[in-house]
file run-v5.cif (mmCIF, C-alpha atoms, pLDDT in the B column; chains and numbers go by the auth columns)
data_my_file
loop_
_atom_site.group_PDB
_atom_site.id
_atom_site.type_symbol
_atom_site.label_atom_id
_atom_site.label_comp_id
_atom_site.label_asym_id
_atom_site.label_seq_id
_atom_site.Cartn_x
_atom_site.Cartn_y
_atom_site.Cartn_z
_atom_site.B_iso_or_equiv
_atom_site.auth_seq_id
_atom_site.auth_asym_id
ATOM 1 C CA MET A 1 -10.664 -14.169 -11.236 70.00 1 A
ATOM 2 C CA ASN A 2 -7.738 -15.979 -9.602 90.00 2 A
ATOM 3 C CA VAL A 3 -5.596 -13.693 -7.388 95.00 3 A
ATOM 4 C CA SER A 4 -2.157 -14.771 -6.187 96.00 4 A
ATOM 5 C CA PHE A 5 0.956 -13.141 -4.770 98.00 5 A
ATOM 6 C CA LYS A 6 4.670 -13.359 -5.506 97.00 6 A
ATOM 7 C CA SER A 7 7.519 -11.675 -3.649 97.00 7 A
ATOM 8 C CA ILE A 8 8.797 -8.696 -5.613 97.00 8 A
ATOM 9 C CA GLU A 9 12.167 -9.287 -7.251 96.00 9 A
ATOM 10 C CA LYS A 10 14.477 -6.826 -8.981 96.00 10 A
ATOM 11 C CA SER A 11 13.113 -8.032 -12.321 96.00 11 A
ATOM 12 C CA ASP A 12 9.660 -6.728 -11.272 97.00 12 A
ATOM 13 C CA LEU A 13 10.851 -3.213 -10.418 97.00 13 A
ATOM 14 C CA ALA A 14 10.197 -1.648 -13.831 98.00 14 A
ATOM 15 C CA GLU A 15 6.536 -2.669 -13.844 97.00 15 A
ATOM 16 C CA VAL A 16 5.981 -1.934 -10.149 98.00 16 A
ATOM 17 C CA THR A 17 7.555 1.508 -10.575 98.00 17 A
ATOM 18 C CA ALA A 18 5.369 2.190 -13.622 98.00 18 A
ATOM 19 C CA ILE A 19 2.235 1.294 -11.638 98.00 19 A
ATOM 20 C CA TYR A 20 3.264 3.602 -8.807 98.00 20 A
ATOM 21 C CA ASN A 21 4.228 6.443 -11.151 98.00 21 A
ATOM 22 C CA TYR A 22 0.804 6.274 -12.785 98.00 22 A
ATOM 23 C CA TYR A 23 -0.636 7.242 -9.393 98.00 23 A
ATOM 24 C CA VAL A 24 2.068 9.874 -8.818 98.00 24 A
ATOM 25 C CA GLU A 25 1.186 11.595 -12.081 98.00 25 A
ATOM 26 C CA ASN A 26 -2.598 11.103 -12.138 97.00 26 A
ATOM 27 C CA SER A 27 -3.930 11.012 -8.589 97.00 27 A
ATOM 28 C CA THR A 28 -3.661 12.160 -5.007 97.00 28 A
ATOM 29 C CA ALA A 29 -3.233 8.562 -3.793 96.00 29 A
ATOM 30 C CA THR A 30 0.430 9.374 -3.136 96.00 30 A
ATOM 31 C CA PHE A 31 2.076 12.623 -2.130 96.00 31 A
ATOM 32 C CA HIS A 32 5.070 12.173 -4.434 97.00 32 A
ATOM 33 C CA LEU A 33 5.015 15.092 -6.855 97.00 33 A
ATOM 34 C CA GLN A 34 7.538 13.661 -9.335 97.00 34 A
ATOM 35 C CA ALA A 35 7.909 10.176 -10.775 98.00 35 A
ATOM 36 C CA VAL A 36 10.204 7.916 -8.748 98.00 36 A
ATOM 37 C CA THR A 37 13.080 5.838 -10.103 97.00 37 A
ATOM 38 C CA GLU A 38 13.393 2.079 -9.890 97.00 38 A
ATOM 39 C CA GLN A 39 16.177 2.584 -7.342 96.00 39 A
ATOM 40 C CA GLU A 40 13.893 4.710 -5.137 97.00 40 A
ATOM 41 C CA MET A 41 11.157 2.101 -5.442 97.00 41 A
ATOM 42 C CA GLU A 42 13.589 -0.671 -4.489 96.00 42 A
ATOM 43 C CA GLN A 43 14.497 1.244 -1.310 95.00 43 A
ATOM 44 C CA THR A 44 10.826 1.827 -0.467 96.00 44 A
ATOM 45 C CA LEU A 45 10.022 -1.861 -0.877 97.00 45 A
ATOM 46 C CA CYS A 46 12.935 -3.104 1.286 93.00 46 A
ATOM 47 C CA LEU A 47 13.485 -6.095 -1.026 91.00 47 A
ATOM 48 C CA GLY A 48 14.639 -9.153 0.882 90.00 48 A
ATOM 49 C CA HIS A 49 13.790 -7.748 4.326 93.00 49 A
ATOM 50 C CA PRO A 50 12.530 -10.437 6.729 94.00 50 A
ATOM 51 C CA VAL A 51 9.606 -8.307 8.010 95.00 51 A
ATOM 52 C CA TYR A 52 8.985 -5.461 5.548 97.00 52 A
ATOM 53 C CA GLN A 53 7.842 -7.675 2.709 97.00 53 A
ATOM 54 C CA SER A 54 6.561 -6.719 -0.728 98.00 54 A
ATOM 55 C CA PHE A 55 4.524 -8.633 -3.270 98.00 55 A
ATOM 56 C CA VAL A 56 3.371 -8.435 -6.859 98.00 56 A
ATOM 57 C CA ILE A 57 -0.389 -8.997 -7.091 98.00 57 A
ATOM 58 C CA LEU A 58 -1.232 -11.414 -9.889 97.00 58 A
ATOM 59 C CA SER A 59 -4.672 -11.790 -11.422 94.00 59 A
ATOM 60 C CA ASP A 60 -4.839 -14.821 -13.681 89.00 60 A
ATOM 61 C CA ASP A 61 -1.023 -14.655 -13.868 86.00 61 A
ATOM 62 C CA LYS A 62 -0.993 -10.993 -15.028 92.00 62 A
ATOM 63 C CA ILE A 63 0.458 -8.283 -12.818 96.00 63 A
ATOM 64 C CA ALA A 64 -2.515 -6.390 -11.384 97.00 64 A
ATOM 65 C CA GLY A 65 -0.598 -4.325 -8.842 98.00 65 A
ATOM 66 C CA PHE A 66 1.691 -4.546 -5.855 98.00 66 A
ATOM 67 C CA CYS A 67 1.521 -4.358 -2.076 98.00 67 A
ATOM 68 C CA TYR A 68 3.929 -4.138 0.809 98.00 68 A
ATOM 69 C CA LEU A 69 4.377 -3.988 4.546 98.00 69 A
ATOM 70 C CA GLY A 70 6.504 -0.988 5.462 97.00 70 A
ATOM 71 C CA GLN A 71 8.069 0.320 8.624 96.00 71 A
ATOM 72 C CA PHE A 72 5.532 2.365 10.574 96.00 72 A
ATOM 73 C CA ARG A 73 8.051 4.425 12.590 94.00 73 A
ATOM 74 C CA LYS A 74 11.802 4.146 13.137 92.00 74 A
ATOM 75 C CA LYS A 75 11.595 3.729 16.922 96.00 75 A
ATOM 76 C CA GLU A 76 11.870 0.126 18.157 95.00 76 A
ATOM 77 C CA ALA A 77 8.732 0.301 20.302 96.00 77 A
ATOM 78 C CA TYR A 78 6.710 0.484 17.063 95.00 78 A
ATOM 79 C CA ASP A 79 8.168 -2.743 15.650 95.00 79 A
ATOM 80 C CA ILE A 80 4.904 -4.632 16.339 97.00 80 A
ATOM 81 C CA SER A 81 3.174 -2.393 13.774 98.00 81 A
ATOM 82 C CA VAL A 82 3.542 -1.918 10.014 98.00 82 A
ATOM 83 C CA GLU A 83 2.057 0.335 7.382 98.00 83 A
ATOM 84 C CA VAL A 84 0.199 -1.618 4.720 98.00 84 A
ATOM 85 C CA THR A 85 0.208 -0.203 1.189 98.00 85 A
ATOM 86 C CA LEU A 86 -1.333 -1.394 -2.048 98.00 86 A
ATOM 87 C CA TYR A 87 -1.583 -0.068 -5.582 98.00 87 A
ATOM 88 C CA ILE A 88 -3.793 -1.705 -8.188 97.00 88 A
ATOM 89 C CA LYS A 89 -3.509 -1.044 -11.925 97.00 89 A
ATOM 90 C CA PRO A 90 -6.514 1.021 -13.064 95.00 90 A
ATOM 91 C CA ALA A 91 -7.711 -1.807 -15.343 93.00 91 A
ATOM 92 C CA PHE A 92 -8.039 -4.071 -12.281 94.00 92 A
ATOM 93 C CA THR A 93 -9.762 -1.693 -9.852 91.00 93 A
ATOM 94 C CA GLY A 94 -13.354 -2.333 -8.811 87.00 94 A
ATOM 95 C CA LYS A 95 -12.931 -6.111 -9.018 87.00 95 A
ATOM 96 C CA GLN A 96 -12.619 -6.775 -5.253 88.00 96 A
ATOM 97 C CA ILE A 97 -8.901 -7.499 -5.565 95.00 97 A
ATOM 98 C CA GLY A 98 -8.229 -5.078 -2.692 95.00 98 A
ATOM 99 C CA VAL A 99 -10.188 -7.241 -0.257 96.00 99 A
ATOM 100 C CA GLU A 100 -8.040 -10.258 -1.153 96.00 100 A
ATOM 101 C CA VAL A 101 -4.870 -8.166 -0.902 97.00 101 A
ATOM 102 C CA LEU A 102 -5.662 -6.905 2.590 98.00 102 A
ATOM 103 C CA SER A 103 -6.609 -10.404 3.734 97.00 103 A
ATOM 104 C CA PHE A 104 -3.309 -11.770 2.403 98.00 104 A
ATOM 105 C CA MET A 105 -1.314 -8.946 3.988 98.00 105 A
ATOM 106 C CA GLU A 106 -3.039 -9.480 7.334 98.00 106 A
ATOM 107 C CA LYS A 107 -2.182 -13.203 7.275 98.00 107 A
ATOM 108 C CA THR A 108 1.401 -12.414 6.275 98.00 108 A
ATOM 109 C CA ALA A 109 1.756 -9.849 9.073 98.00 109 A
ATOM 110 C CA LYS A 110 0.240 -12.204 11.646 97.00 110 A
ATOM 111 C CA ASN A 111 2.644 -14.986 10.618 97.00 111 A
ATOM 112 C CA LEU A 112 5.497 -12.519 11.165 97.00 112 A
ATOM 113 C CA GLY A 113 4.296 -11.859 14.726 97.00 113 A
ATOM 114 C CA LEU A 114 3.053 -8.346 13.994 98.00 114 A
ATOM 115 C CA LYS A 115 0.101 -6.900 15.919 98.00 115 A
ATOM 116 C CA ASN A 116 -1.113 -3.830 13.999 98.00 116 A
ATOM 117 C CA LEU A 117 -1.620 -2.806 10.404 98.00 117 A
ATOM 118 C CA ILE A 118 -1.892 0.896 9.594 98.00 118 A
ATOM 119 C CA GLY A 119 -3.298 2.349 6.373 98.00 119 A
ATOM 120 C CA VAL A 120 -2.480 5.972 5.549 98.00 120 A
ATOM 121 C CA ILE A 121 -4.891 7.245 2.898 98.00 121 A
ATOM 122 C CA THR A 122 -5.538 10.575 1.217 97.00 122 A
ATOM 123 C CA SER A 123 -9.084 11.722 1.967 96.00 123 A
ATOM 124 C CA GLU A 124 -9.877 12.010 -1.764 94.00 124 A
ATOM 125 C CA ASN A 125 -9.108 8.309 -2.246 95.00 125 A
ATOM 126 C CA VAL A 126 -12.664 7.249 -1.477 94.00 126 A
ATOM 127 C CA GLY A 127 -12.231 3.751 -2.908 93.00 127 A
ATOM 128 C CA SER A 128 -9.362 2.982 -0.525 96.00 128 A
ATOM 129 C CA LEU A 129 -11.191 4.494 2.444 97.00 129 A
ATOM 130 C CA LYS A 130 -14.176 2.237 1.746 96.00 130 A
ATOM 131 C CA LEU A 131 -11.903 -0.778 1.228 96.00 131 A
ATOM 132 C CA PHE A 132 -10.204 -0.385 4.603 98.00 132 A
ATOM 133 C CA GLU A 133 -13.528 0.168 6.379 97.00 133 A
ATOM 134 C CA ARG A 134 -15.077 -2.855 4.655 96.00 134 A
ATOM 135 C CA CYS A 135 -12.118 -4.962 5.822 97.00 135 A
ATOM 136 C CA GLY A 136 -12.563 -4.055 9.486 97.00 136 A
ATOM 137 C CA TYR A 137 -10.067 -1.228 9.905 98.00 137 A
ATOM 138 C CA PHE A 138 -11.071 1.657 12.155 97.00 138 A
ATOM 139 C CA LYS A 139 -10.359 5.321 11.610 98.00 139 A
ATOM 140 C CA CYS A 140 -7.690 6.371 14.105 97.00 140 A
ATOM 141 C CA GLY A 141 -6.471 9.706 12.777 97.00 141 A
ATOM 142 C CA HIS A 142 -7.324 12.589 10.489 98.00 142 A
ATOM 143 C CA LEU A 143 -4.719 15.184 9.548 98.00 143 A
ATOM 144 C CA LYS A 144 -6.281 18.249 7.927 98.00 144 A
ATOM 145 C CA ASN A 145 -4.621 20.059 5.010 98.00 145 A
ATOM 146 C CA ILE A 146 -1.375 18.155 5.630 97.00 146 A
ATOM 147 C CA GLY A 147 -0.056 18.175 2.060 97.00 147 A
ATOM 148 C CA ILE A 148 -0.465 20.001 -1.230 97.00 148 A
ATOM 149 C CA LYS A 149 -0.759 18.253 -4.584 97.00 149 A
ATOM 150 C CA PHE A 150 -2.128 19.589 -7.852 97.00 150 A
ATOM 151 C CA GLY A 151 -2.497 22.957 -6.105 96.00 151 A
ATOM 152 C CA ARG A 152 -4.935 21.625 -3.492 96.00 152 A
ATOM 153 C CA ALA A 153 -4.474 21.168 0.252 97.00 153 A
ATOM 154 C CA LEU A 154 -5.308 17.564 1.135 97.00 154 A
ATOM 155 C CA ASP A 155 -6.218 15.625 4.254 98.00 155 A
ATOM 156 C CA VAL A 156 -4.754 12.266 5.230 98.00 156 A
ATOM 157 C CA ILE A 157 -6.743 9.682 7.159 98.00 157 A
ATOM 158 C CA SER A 158 -5.177 6.801 9.101 98.00 158 A
ATOM 159 C CA TYR A 159 -6.843 3.442 9.623 98.00 159 A
ATOM 160 C CA GLN A 160 -5.749 0.681 11.972 98.00 160 A
ATOM 161 C CA LYS A 161 -6.505 -2.993 12.404 98.00 161 A
ATOM 162 C CA GLU A 162 -5.276 -5.097 15.280 97.00 162 A
ATOM 163 C CA ILE A 163 -4.531 -8.660 14.211 95.00 163 A
#
call {"tool": "encode", "arguments": {"input": "run-v5.cif", "output": "structure tokens"}}
result
Amino acid sequence: MNVSFKSIEKSDLAEVTAIYNYYVENSTATFHLQAVTEQEMEQTLCLGHPVYQSFVILSDDKIAGFCYLGQFRKKEAYDISVEVTLYIKPAFTGKQIGVEVLSFMEKTAKNLGLKNLIGVITSENVGSLKLFERCGYFKCGHLKNIGIKFGRALDVISYQKEI
């Protein structure tokens, strides 16, 4: 399976938003409770930003998901750190694409002069927790019962990797 990456463009927003909304409606991977619009997704992805970059994940030239580097906190002292996020279409999960995505995002962040990648993951998202651990991230935070989705209180776990 050949995995490649392409910067997200406005023409990709419909498919990227559909991928994200699948997880909104069917999982606890995100704490959004309602589907987001393409306009909301465009704001989240910071299209065209020099640091907060976003990419479509291609597997054999088919969109398999998307990933992005997002602002960790709005205070300038945090500007050496970014939150890394990825969503893979269900048909492409379990194929080790996540490992390639994190590797690509780490190289991208390093080339931008960033020092830390942070993953913020719902505790029920066992696949993502294992992915981040397998890729050398360390657990740096655990917030108990921090959000409610589908009528359940959920934990959020943070992972960090210094690059």
call {"tool": "residues_near_point", "arguments": {"input": "run-v5.cif", "point": "(-6.1, 16.0, 8.2)", "cutoff": "8 Å", "atoms": "only C-alpha atoms", "output": "PyMOL selection string"}}
result
chain A and resi 141-146+154-157
call {"tool": "closest_atom_pairs", "arguments": {"input": "run-v5.cif", "of": "region 15-40 of chain A", "to": "region 73-86 of chain A", "cutoff": "12 Å", "atoms": "only C-alpha atoms", "output": "Markdown table"}}
result
| residue | atom | partner | partner_atom | distance |
| --- | --- | --- | --- | --- |
| A:Val16 | CA | A:Leu86 | CA | 10.9 |
| A:Ile19 | CA | A:Leu86 | CA | 10.6 |
| A:Tyr20 | CA | A:Leu86 | CA | 9.6 |
| A:Tyr23 | CA | A:Leu86 | CA | 11.4 |
| A:Ala29 | CA | A:Leu86 | CA | 10.3 |
| A:Thr30 | CA | A:Thr85 | CA | 10.5 |
call {"tool": "residues_around", "arguments": {"input": "run-v5.cif", "residues": "Gly136 (chain A)", "least_positions_apart": "2", "cutoff": "12 Å", "atoms": "only C-alpha atoms", "output": "VMD selection string"}}
result
chain A and resid 99 102 to 103 106 117 to 119 129 to 134 138 to 139 159 to 163
call {"tool": "write_last_selection", "arguments": {"input": "run-v5.cif", "atoms": "C-alpha atoms", "output": "CSV table (one decimal), in the frame of the given file"}}
result
chain,number,residue,atom,x,y,z
A,99,VAL,CA,-10.2,-7.2,-0.3
A,102,LEU,CA,-5.7,-6.9,2.6
A,103,SER,CA,-6.6,-10.4,3.7
A,106,GLU,CA,-3.0,-9.5,7.3
A,117,LEU,CA,-1.6,-2.8,10.4
A,118,ILE,CA,-1.9,0.9,9.6
A,119,GLY,CA,-3.3,2.3,6.4
A,129,LEU,CA,-11.2,4.5,2.4
A,130,LYS,CA,-14.2,2.2,1.7
A,131,LEU,CA,-11.9,-0.8,1.2
A,132,PHE,CA,-10.2,-0.4,4.6
A,133,GLU,CA,-13.5,0.2,6.4
A,134,ARG,CA,-15.1,-2.9,4.7
A,138,PHE,CA,-11.1,1.7,12.2
A,139,LYS,CA,-10.4,5.3,11.6
A,159,TYR,CA,-6.8,3.4,9.6
A,160,GLN,CA,-5.7,0.7,12.0
A,161,LYS,CA,-6.5,-3.0,12.4
A,162,GLU,CA,-5.3,-5.1,15.3
A,163,ILE,CA,-4.5,-8.7,14.2
call {"tool": "residues_around", "arguments": {"input": "run-v5.cif", "residues": "Met41 (chain A)", "least_positions_apart": "5", "cutoff": "12 Å", "atoms": "only C-alpha atoms", "output": "ChimeraX atom specification"}}
result
/A:8-10,12-21,32,35-36,46-47,54,66,68
call {"tool": "closest_residue", "arguments": {"input": "run-v5.cif", "among": "A:Gln71, A:Thr28, A:Thr122, A:Ser128", "to": "Ala109 (chain A)", "atoms": "only C-alpha atoms"}}
result
A:Gln71
call {"tool": "axis_aligned_box", "arguments": {"input": "run-v5.cif", "around": "region 109-118 of chain A", "padding_each_side": "3 Å", "output": "JSON"}}
result
{"center_x": 1.8, "center_y": -7.0, "center_z": 12.5, "size_x": 13.4, "size_y": 21.9, "size_z": 12.8}
call {"tool": "resolve_selection", "arguments": {"input": "run-v5.cif", "expression": "the PyMOL selection byres ((chain A and resi 1) around 9)", "output": "ChimeraX atom specification"}}
result
/A:2-3,59-60,95,97
call {"tool": "decode", "arguments": {"input": "run-v5.cif", "residues": "region 6-122 of chain A", "atoms": "C-alpha atoms", "output": "CSV table (one decimal), in the first residue's frame"}}
result
chain,number,residue,atom,x,y,z
A,6,LYS,CA,-1.2,16.3,-0.2
A,7,SER,CA,-2.0,19.7,1.4
A,8,ILE,CA,-5.7,20.1,1.9
A,9,GLU,CA,-7.4,22.5,-0.5
A,10,LYS,CA,-10.9,23.9,-0.4
A,11,SER,CA,-11.9,21.3,-3.0
A,12,ASP,CA,-11.1,18.6,-0.4
A,13,LEU,CA,-13.3,20.0,2.3
A,14,ALA,CA,-16.4,18.1,1.5
A,15,GLU,CA,-14.7,14.7,1.8
A,16,VAL,CA,-12.6,15.7,4.8
A,17,THR,CA,-15.7,17.0,6.6
A,18,ALA,CA,-17.5,13.8,5.8
A,19,ILE,CA,-14.7,11.7,7.3
A,20,TYR,CA,-14.7,13.8,10.4
A,21,ASN,CA,-18.5,13.8,10.7
A,22,TYR,CA,-18.5,10.0,10.6
A,23,TYR,CA,-16.5,10.0,13.8
A,24,VAL,CA,-18.7,12.8,15.3
A,25,GLU,CA,-21.8,10.6,14.8
A,26,ASN,CA,-20.4,7.2,15.5
A,27,SER,CA,-17.6,7.4,18.0
A,28,THR,CA,-16.0,9.1,21.0
A,29,ALA,CA,-12.9,10.0,19.0
A,30,THR,CA,-14.1,13.6,19.0
A,31,PHE,CA,-16.1,15.5,21.5
A,32,HIS,CA,-18.2,17.3,18.9
A,33,LEU,CA,-21.8,16.3,19.5
A,34,GLN,CA,-23.2,17.6,16.2
A,35,ALA,CA,-21.9,17.3,12.6
A,36,VAL,CA,-19.6,20.2,11.6
A,37,THR,CA,-20.0,22.3,8.4
A,38,GLU,CA,-17.3,22.6,5.8
A,39,GLN,CA,-16.8,26.2,6.9
A,40,GLU,CA,-16.1,25.0,10.5
A,41,MET,CA,-13.7,22.4,9.2
A,42,GLU,CA,-11.9,25.0,7.1
A,43,GLN,CA,-11.4,27.1,10.2
A,44,THR,CA,-10.1,24.1,12.2
A,45,LEU,CA,-7.6,23.2,9.5
A,46,CYS,CA,-6.2,26.7,9.2
A,47,LEU,CA,-5.8,26.3,5.4
A,48,GLY,CA,-2.8,28.1,4.0
A,49,HIS,CA,-1.2,28.7,7.4
A,50,PRO,CA,2.6,28.5,7.4
A,51,VAL,CA,2.8,26.4,10.5
A,52,TYR,CA,-0.6,24.8,11.2
A,53,GLN,CA,-0.6,22.6,8.2
A,54,SER,CA,-3.2,20.1,7.1
A,55,PHE,CA,-3.0,17.1,4.7
A,56,VAL,CA,-5.1,14.6,2.9
A,57,ILE,CA,-3.8,11.1,3.4
A,58,LEU,CA,-3.8,9.2,0.2
A,59,SER,CA,-3.5,5.4,-0.1
A,60,ASP,CA,-2.9,4.3,-3.7
A,61,ASP,CA,-4.2,7.7,-4.8
A,62,LYS,CA,-7.5,7.3,-2.8
A,63,ILE,CA,-8.3,9.5,0.1
A,64,ALA,CA,-7.8,7.4,3.2
A,65,GLY,CA,-8.1,10.2,5.8
A,66,PHE,CA,-6.7,13.5,6.8
A,67,CYS,CA,-4.2,14.9,9.4
A,68,TYR,CA,-3.2,18.3,10.7
A,69,LEU,CA,-0.9,20.2,13.0
A,70,GLY,CA,-3.0,22.6,15.1
A,71,GLN,CA,-2.3,25.3,17.6
A,72,PHE,CA,-1.6,23.8,21.1
A,73,ARG,CA,-2.5,26.9,23.1
A,74,LYS,CA,-3.0,30.6,22.2
A,75,LYS,CA,-0.1,31.9,24.3
A,76,GLU,CA,3.1,32.6,22.4
A,77,ALA,CA,5.3,30.7,24.7
A,78,TYR,CA,3.6,27.5,23.4
A,79,ASP,CA,4.5,28.2,19.8
A,80,ILE,CA,7.2,25.5,19.8
A,81,SER,CA,4.4,22.9,20.3
A,82,VAL,CA,1.5,21.7,18.2
A,83,GLU,CA,-1.3,19.3,18.6
A,84,VAL,CA,-1.2,16.5,16.0
A,85,THR,CA,-4.5,15.1,14.8
A,86,LEU,CA,-5.4,12.3,12.4
A,87,TYR,CA,-8.6,10.7,11.2
A,88,ILE,CA,-8.6,7.6,9.0
A,89,LYS,CA,-11.6,6.3,7.0
A,90,PRO,CA,-12.9,3.1,8.7
A,91,ALA,CA,-12.1,1.1,5.5
A,92,PHE,CA,-8.4,2.0,5.9
A,93,THR,CA,-7.9,1.5,9.7
A,94,GLY,CA,-5.8,-1.4,10.9
A,95,LYS,CA,-3.4,-1.1,7.9
A,96,GLN,CA,-0.6,0.7,9.7
A,97,ILE,CA,-1.3,4.0,7.9
A,98,GLY,CA,-1.3,5.8,11.3
A,99,VAL,CA,2.4,5.0,11.8
A,100,GLU,CA,3.2,6.5,8.4
A,101,VAL,CA,1.0,9.5,9.2
A,102,LEU,CA,2.7,10.2,12.5
A,103,SER,CA,6.2,9.8,11.0
A,104,PHE,CA,5.3,12.3,8.2
A,105,MET,CA,3.8,14.8,10.7
A,106,GLU,CA,6.9,14.6,12.9
A,107,LYS,CA,9.1,15.3,9.9
A,108,THR,CA,6.9,18.2,8.8
A,109,ALA,CA,6.9,19.6,12.3
A,110,LYS,CA,10.7,19.3,12.7
A,111,ASN,CA,11.2,21.1,9.3
A,112,LEU,CA,9.0,23.9,10.6
A,113,GLY,CA,11.3,24.3,13.7
A,114,LEU,CA,8.7,22.8,16.1
A,115,LYS,CA,9.9,20.9,19.2
A,116,ASN,CA,6.8,19.1,20.6
A,117,LEU,CA,3.9,17.1,19.2
A,118,ILE,CA,0.9,16.6,21.5
A,119,GLY,CA,-1.8,14.0,20.9
A,120,VAL,CA,-5.1,14.4,22.8
A,121,ILE,CA,-7.1,11.2,22.7
A,122,THR,CA,-10.3,9.9,24.3
